[in-house]
Structures are given as C-alpha cells and as structure tokens.
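Below is one structure, written out as structure tokens; comments come after it.
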Amino acid sequence: RQAIDMFVKFAKVCFERYQHKVKYWMTFNEINNQADVTQHNLIQEGAVLLQEGDDAEYLMYLSAHHELVASALAVKAAHEINPDLQVGCMIGMNGVYPASPKPEDVMNALGAMHQKYWYVEVHARGHYPRHILKKFERKGYDFIPEDFVRNTYLKASDWGWQIDPLGLRWCLNWFNDRFELPMMIVENGFGAYDKKEADGTVDDQYRIDYLKEHIQAMRDAVDYDGVDLLGYTMWSPIDIVSASTGEYDKRYGFIYVNYNNNHEGDFSRSKKKSFDWYKHVIETNGEKL
C-alpha cells in the first residue's frame, strides 16, 4: 500500500509541471493485462516475488486493487490541480467472441470478458462490479475457465496476432454502450518482418493495408455508430525493440532502423513506403486513406 502514496506524489509532480502543455493523461498502461494470472509478473520464470504457499491469483487482485486506488487518487489530484485535465487509464482490449452459438460458449465468452475488463468498470463507475465481488466471496477463487482458441475466420500476423479491423469497431461500441465516455485509441499497429531492398526502400504495403482497414473501422464507429472517439495514435512510428517478444526483427514503424536481432547495424534510419502514406492520412485527418 505504501506504493499508492508514492505514485500519487509522482503524479502530482507531473500534473503540476505539465498541466499547461498536456491535457490528456493515462494513469496506468494496459492495467488489465495482469488479469491472466498465468502471465503475471509474480510467477514469471526466475521471479522471486512468490514464496512457497503464496496464492498468485490473490496477490494479483491485491496488487490490482492498489493500482486502482492509486489511479483514483491521481485522478482526484489532477482535477484539484487543474479541472481541465482529462485522465483515463489504458486498457489492453482484445474482444472475446464465442467459439460457437452454443449457449455454453456464449457464457464462457461472457466470463472471459468479465475476467479481462472489470478494471474498466472500476475506473468508469467508481466501484467493483458485482460479478467480481461474488467471485471474491467464493472459496478457492473458482471461475469459468478461459478456453481461448484461434478464430478461423481471421488472418494473423507472422507472430500469430489475429487481424480484426471490424473487431476494433465492435470493441469501441462495447465500451461506448456501457460507459458513454470519450475514448482514445493509443496503440494500434502491425508487427512484421520488413525487408530492406538494395536501393534502401522498404515496401510495407501490408502495413498500409492493415492501418487503412483499422482506421476505416474507427471512422465507421464514429460516423455510423456515434462513438465518442477523441483521437488515434498508431504503434509505433519508428522501429523499436518489441516489448511482447523482446526482439528487433519484429518491426512496427514507418521508419526503418538499421538494426536486427543479431545486434548488427548502425541504427541509421530511413522511410518506409508507409511513411508518406501515413503523413498524407494525418494531413487530411483521415479523409484520404
């Protein structure tokens, strides 16, 4: 719990120093990605945070609670410092579809959504949803198992990340229907093996196609569905080490960085085909895709 006070102190310093330069803030990044306790940092290989007999799931909920309290107090502090500041929290969103129309599959999908996105309800409504409180009441933390399978109707990247632009529109509507709050898309991108040709060019038409389809879905969510979407930022403008796999060959950017997984290269930079395309998208505010 001591970390709560330290986090709020840090947040206040940021709010006070940058309140006239920065309007939109996020307290935590992808706060809900700890919901799958099997992937939680507490039990990663080599970690020493867990002792014999510790309940990993209980500790996950405990740490999440401390984060949620810290986030709420930071929002309160921001509004006291400057009422014009708008503060949210980033959610790593992957919509869960039922595997079939079978009622059990539909219920399992609902349970998976409950498990992954109750964090939004706490942030947006200020209290824990009843389904989580009921879970806390039960002994042994038993819950509907999440049996995720690959969606055969969707294509995937070289790393198996499935591509679902219509799903982005569905997710935006899911949030909008429940909370009726403004949103921003702060990470959307396509990791790929980019090949630099002899003349120095990189033809990443696949990245252009991916972004075009997702931006169109975003635009449809706004124009047809009435979603209150404040903005969009893609991930990432420049090639960087991929956080998900820890490698450089998984590239996201419009700008190619001359470096690879074998630690070869001088870090020189050059434009990919997608660079000028996205520049034009920005210049036309998405009207020209």
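So you can find residues: chains in the structure tokens are A, B, ... in the order shown, residues in each start at 1, and ligands are numbered from 1 in order.
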- request: For A:His20, list every protein, DNA or RNA residue within 12 Å, evaluated using only C-alpha atoms, and leave out those in the same chain fewer than 6 positions away; present the list as a ChimeraX atom specification.
  value: /A:14,81-85
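Using only C-alpha atoms, the residues found no farther than 8 Å from stretch 273-283 of chain A, other than those of its own chain fewer than 3 positions away, are Thr201, Val202, Asp203, Asp204, Gln205, Arg207, Ile208, Phe254, Ile255, Gly286, Glu287, Lys288 and Leu289 of chain A.
In this comparison, which uses only C-alpha atoms, the residue of A:Ala192, A:Met60, A:Ile31, A:Ala243 approaching A:Cys89 most closely is A:Ile31.
Atom pair atom CA of A:Leu230 / atom CA of A:His66: separated by 28.4 Å.
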Got a sec: who's within 12 Å of A:Pro165, counting only C-alpha atoms, leaving out chain neighbours fewer than 6 positions off, as a PDB file with N, CA, C and O atoms, in the first residue's frame?
```pdb
ATOM      1  N   ASN A  94      -8.831  -6.876 -26.242  1.00  0.00           N
ATOM      2  CA  ASN A  94      -8.979  -7.940 -27.235  1.00  0.00           C
ATOM      3  C   ASN A  94     -10.359  -8.547 -27.035  1.00  0.00           C
ATOM      4  O   ASN A  94     -10.571  -9.289 -26.071  1.00  0.00           O
ATOM      5  N   GLY A  95     -11.277  -8.194 -27.911  1.00  0.00           N
ATOM      6  CA  GLY A  95     -12.632  -8.691 -27.768  1.00  0.00           C
ATOM      7  C   GLY A  95     -12.688 -10.211 -27.831  1.00  0.00           C
ATOM      8  O   GLY A  95     -11.947 -10.835 -28.585  1.00  0.00           O
ATOM      9  N   LEU A 154     -10.316 -15.264 -39.065  1.00  0.00           N
ATOM     10  CA  LEU A 154      -9.418 -14.121 -39.086  1.00  0.00           C
ATOM     11  C   LEU A 154      -8.028 -14.508 -39.569  1.00  0.00           C
ATOM     12  O   LEU A 154      -7.536 -15.598 -39.256  1.00  0.00           O
ATOM     13  N   LYS A 155      -7.390 -13.617 -40.317  1.00  0.00           N
ATOM     14  CA  LYS A 155      -5.993 -13.783 -40.679  1.00  0.00           C
ATOM     15  C   LYS A 155      -5.125 -13.400 -39.472  1.00  0.00           C
ATOM     16  O   LYS A 155      -5.613 -12.847 -38.499  1.00  0.00           O
ATOM     17  N   ALA A 156      -3.834 -13.691 -39.580  1.00  0.00           N
ATOM     18  CA  ALA A 156      -2.939 -13.398 -38.464  1.00  0.00           C
ATOM     19  C   ALA A 156      -1.595 -12.911 -38.994  1.00  0.00           C
ATOM     20  O   ALA A 156      -1.215 -13.173 -40.141  1.00  0.00           O
ATOM     21  N   CYS A 171     -15.300  -3.431 -30.515  1.00  0.00           N
ATOM     22  CA  CYS A 171     -14.774  -3.088 -29.190  1.00  0.00           C
ATOM     23  C   CYS A 171     -15.115  -1.646 -28.809  1.00  0.00           C
ATOM     24  O   CYS A 171     -15.472  -1.364 -27.655  1.00  0.00           O
ATOM     25  N   LEU A 172     -14.989  -0.728 -29.763  1.00  0.00           N
ATOM     26  CA  LEU A 172     -15.331   0.662 -29.482  1.00  0.00           C
ATOM     27  C   LEU A 172     -16.798   0.794 -29.093  1.00  0.00           C
ATOM     28  O   LEU A 172     -17.154   1.541 -28.177  1.00  0.00           O
ATOM     29  N   ASN A 188      -2.190   0.931 -31.891  1.00  0.00           N
ATOM     30  CA  ASN A 188      -2.720   0.061 -32.937  1.00  0.00           C
ATOM     31  C   ASN A 188      -1.663  -0.046 -34.017  1.00  0.00           C
ATOM     32  O   ASN A 188      -1.246   0.964 -34.568  1.00  0.00           O
ATOM     33  N   GLY A 189      -1.188  -1.242 -34.272  1.00  0.00           N
ATOM     34  CA  GLY A 189      -0.134  -1.361 -35.267  1.00  0.00           C
ATOM     35  C   GLY A 189       0.066  -2.795 -35.711  1.00  0.00           C
ATOM     36  O   GLY A 189      -0.601  -3.719 -35.247  1.00  0.00           O
ATOM     37  N   PHE A 190       1.014  -2.968 -36.620  1.00  0.00           N
ATOM     38  CA  PHE A 190       1.224  -4.256 -37.278  1.00  0.00           C
ATOM     39  C   PHE A 190       2.702  -4.629 -37.241  1.00  0.00           C
ATOM     40  O   PHE A 190       3.538  -3.996 -37.883  1.00  0.00           O
ATOM     41  N   ASP A 209      -2.136  -1.512 -45.705  1.00  0.00           N
ATOM     42  CA  ASP A 209      -3.436  -2.180 -45.786  1.00  0.00           C
ATOM     43  C   ASP A 209      -4.039  -2.384 -44.400  1.00  0.00           C
ATOM     44  O   ASP A 209      -5.241  -2.161 -44.187  1.00  0.00           O
ATOM     45  N   TYR A 210      -3.203  -2.819 -43.465  1.00  0.00           N
ATOM     46  CA  TYR A 210      -3.674  -3.055 -42.096  1.00  0.00           C
ATOM     47  C   TYR A 210      -4.208  -1.763 -41.471  1.00  0.00           C
ATOM     48  O   TYR A 210      -5.324  -1.724 -40.935  1.00  0.00           O
ATOM     49  N   LEU A 211      -3.411  -0.711 -41.533  1.00  0.00           N
ATOM     50  CA  LEU A 211      -3.809   0.551 -40.906  1.00  0.00           C
ATOM     51  C   LEU A 211      -5.022   1.160 -41.600  1.00  0.00           C
ATOM     52  O   LEU A 211      -5.910   1.716 -40.943  1.00  0.00           O
ATOM     53  N   LYS A 212      -5.065   1.051 -42.926  1.00  0.00           N
ATOM     54  CA  LYS A 212      -6.199   1.585 -43.673  1.00  0.00           C
ATOM     55  C   LYS A 212      -7.504   0.938 -43.210  1.00  0.00           C
ATOM     56  O   LYS A 212      -8.508   1.623 -42.957  1.00  0.00           O
ATOM     57  N   GLU A 213      -7.506  -0.380 -43.061  1.00  0.00           N
ATOM     58  CA  GLU A 213      -8.716  -1.095 -42.652  1.00  0.00           C
ATOM     59  C   GLU A 213      -9.126  -0.732 -41.225  1.00  0.00           C
ATOM     60  O   GLU A 213     -10.317  -0.591 -40.919  1.00  0.00           O
ATOM     61  N   HIS A 214      -8.151  -0.561 -40.343  1.00  0.00           N
ATOM     62  CA  HIS A 214      -8.478  -0.243 -38.955  1.00  0.00           C
ATOM     63  C   HIS A 214      -8.921   1.206 -38.792  1.00  0.00           C
ATOM     64  O   HIS A 214      -9.818   1.501 -37.998  1.00  0.00           O
ATOM     65  N   ILE A 215      -8.315   2.103 -39.547  1.00  0.00           N
ATOM     66  CA  ILE A 215      -8.748   3.499 -39.486  1.00  0.00           C
ATOM     67  C   ILE A 215     -10.152   3.640 -40.066  1.00  0.00           C
ATOM     68  O   ILE A 215     -10.983   4.404 -39.559  1.00  0.00           O
ATOM     69  N   GLN A 216     -10.440   2.898 -41.128  1.00  0.00           N
ATOM     70  CA  GLN A 216     -11.788   2.911 -41.682  1.00  0.00           C
ATOM     71  C   GLN A 216     -12.798   2.397 -40.666  1.00  0.00           C
ATOM     72  O   GLN A 216     -13.894   2.951 -40.509  1.00  0.00           O
ATOM     73  N   ALA A 217     -12.447   1.331 -39.956  1.00  0.00           N
ATOM     74  CA  ALA A 217     -13.343   0.797 -38.923  1.00  0.00           C
ATOM     75  C   ALA A 217     -13.561   1.810 -37.806  1.00  0.00           C
ATOM     76  O   ALA A 217     -14.682   1.962 -37.294  1.00  0.00           O
ATOM     77  N   MET A 218     -12.499   2.505 -37.449  1.00  0.00           N
ATOM     78  CA  MET A 218     -12.607   3.560 -36.439  1.00  0.00           C
ATOM     79  C   MET A 218     -13.534   4.669 -36.917  1.00  0.00           C
ATOM     80  O   MET A 218     -14.384   5.160 -36.170  1.00  0.00           O
ATOM     81  N   ARG A 219     -13.370   5.049 -38.179  1.00  0.00           N
ATOM     82  CA  ARG A 219     -14.207   6.116 -38.743  1.00  0.00           C
ATOM     83  C   ARG A 219     -15.672   5.695 -38.798  1.00  0.00           C
ATOM     84  O   ARG A 219     -16.574   6.491 -38.502  1.00  0.00           O
ATOM     85  N   ASP A 220     -15.937   4.433 -39.120  1.00  0.00           N
ATOM     86  CA  ASP A 220     -17.309   3.933 -39.146  1.00  0.00           C
ATOM     87  C   ASP A 220     -17.912   3.946 -37.738  1.00  0.00           C
ATOM     88  O   ASP A 220     -19.107   4.243 -37.570  1.00  0.00           O
ATOM     89  N   ALA A 221     -17.092   3.621 -36.738  1.00  0.00           N
ATOM     90  CA  ALA A 221     -17.585   3.643 -35.359  1.00  0.00           C
ATOM     91  C   ALA A 221     -18.022   5.050 -34.958  1.00  0.00           C
ATOM     92  O   ALA A 221     -19.002   5.226 -34.224  1.00  0.00           O
TER      93      ALA A 221
END
```
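Taking atom CA of A:Lys250 and atom CA of A:Lys116 as endpoints, the distance between them is 26.1 Å.
The space separating atom CA of A:Ile132 from atom CA of A:Asn151 comes to 27.2 Å.
The closest residue to A:Gly92, picked from A:Ser242, A:Asn176, A:Asn29, A:Ser157 and counting only C-alpha atoms, is A:Asn29.
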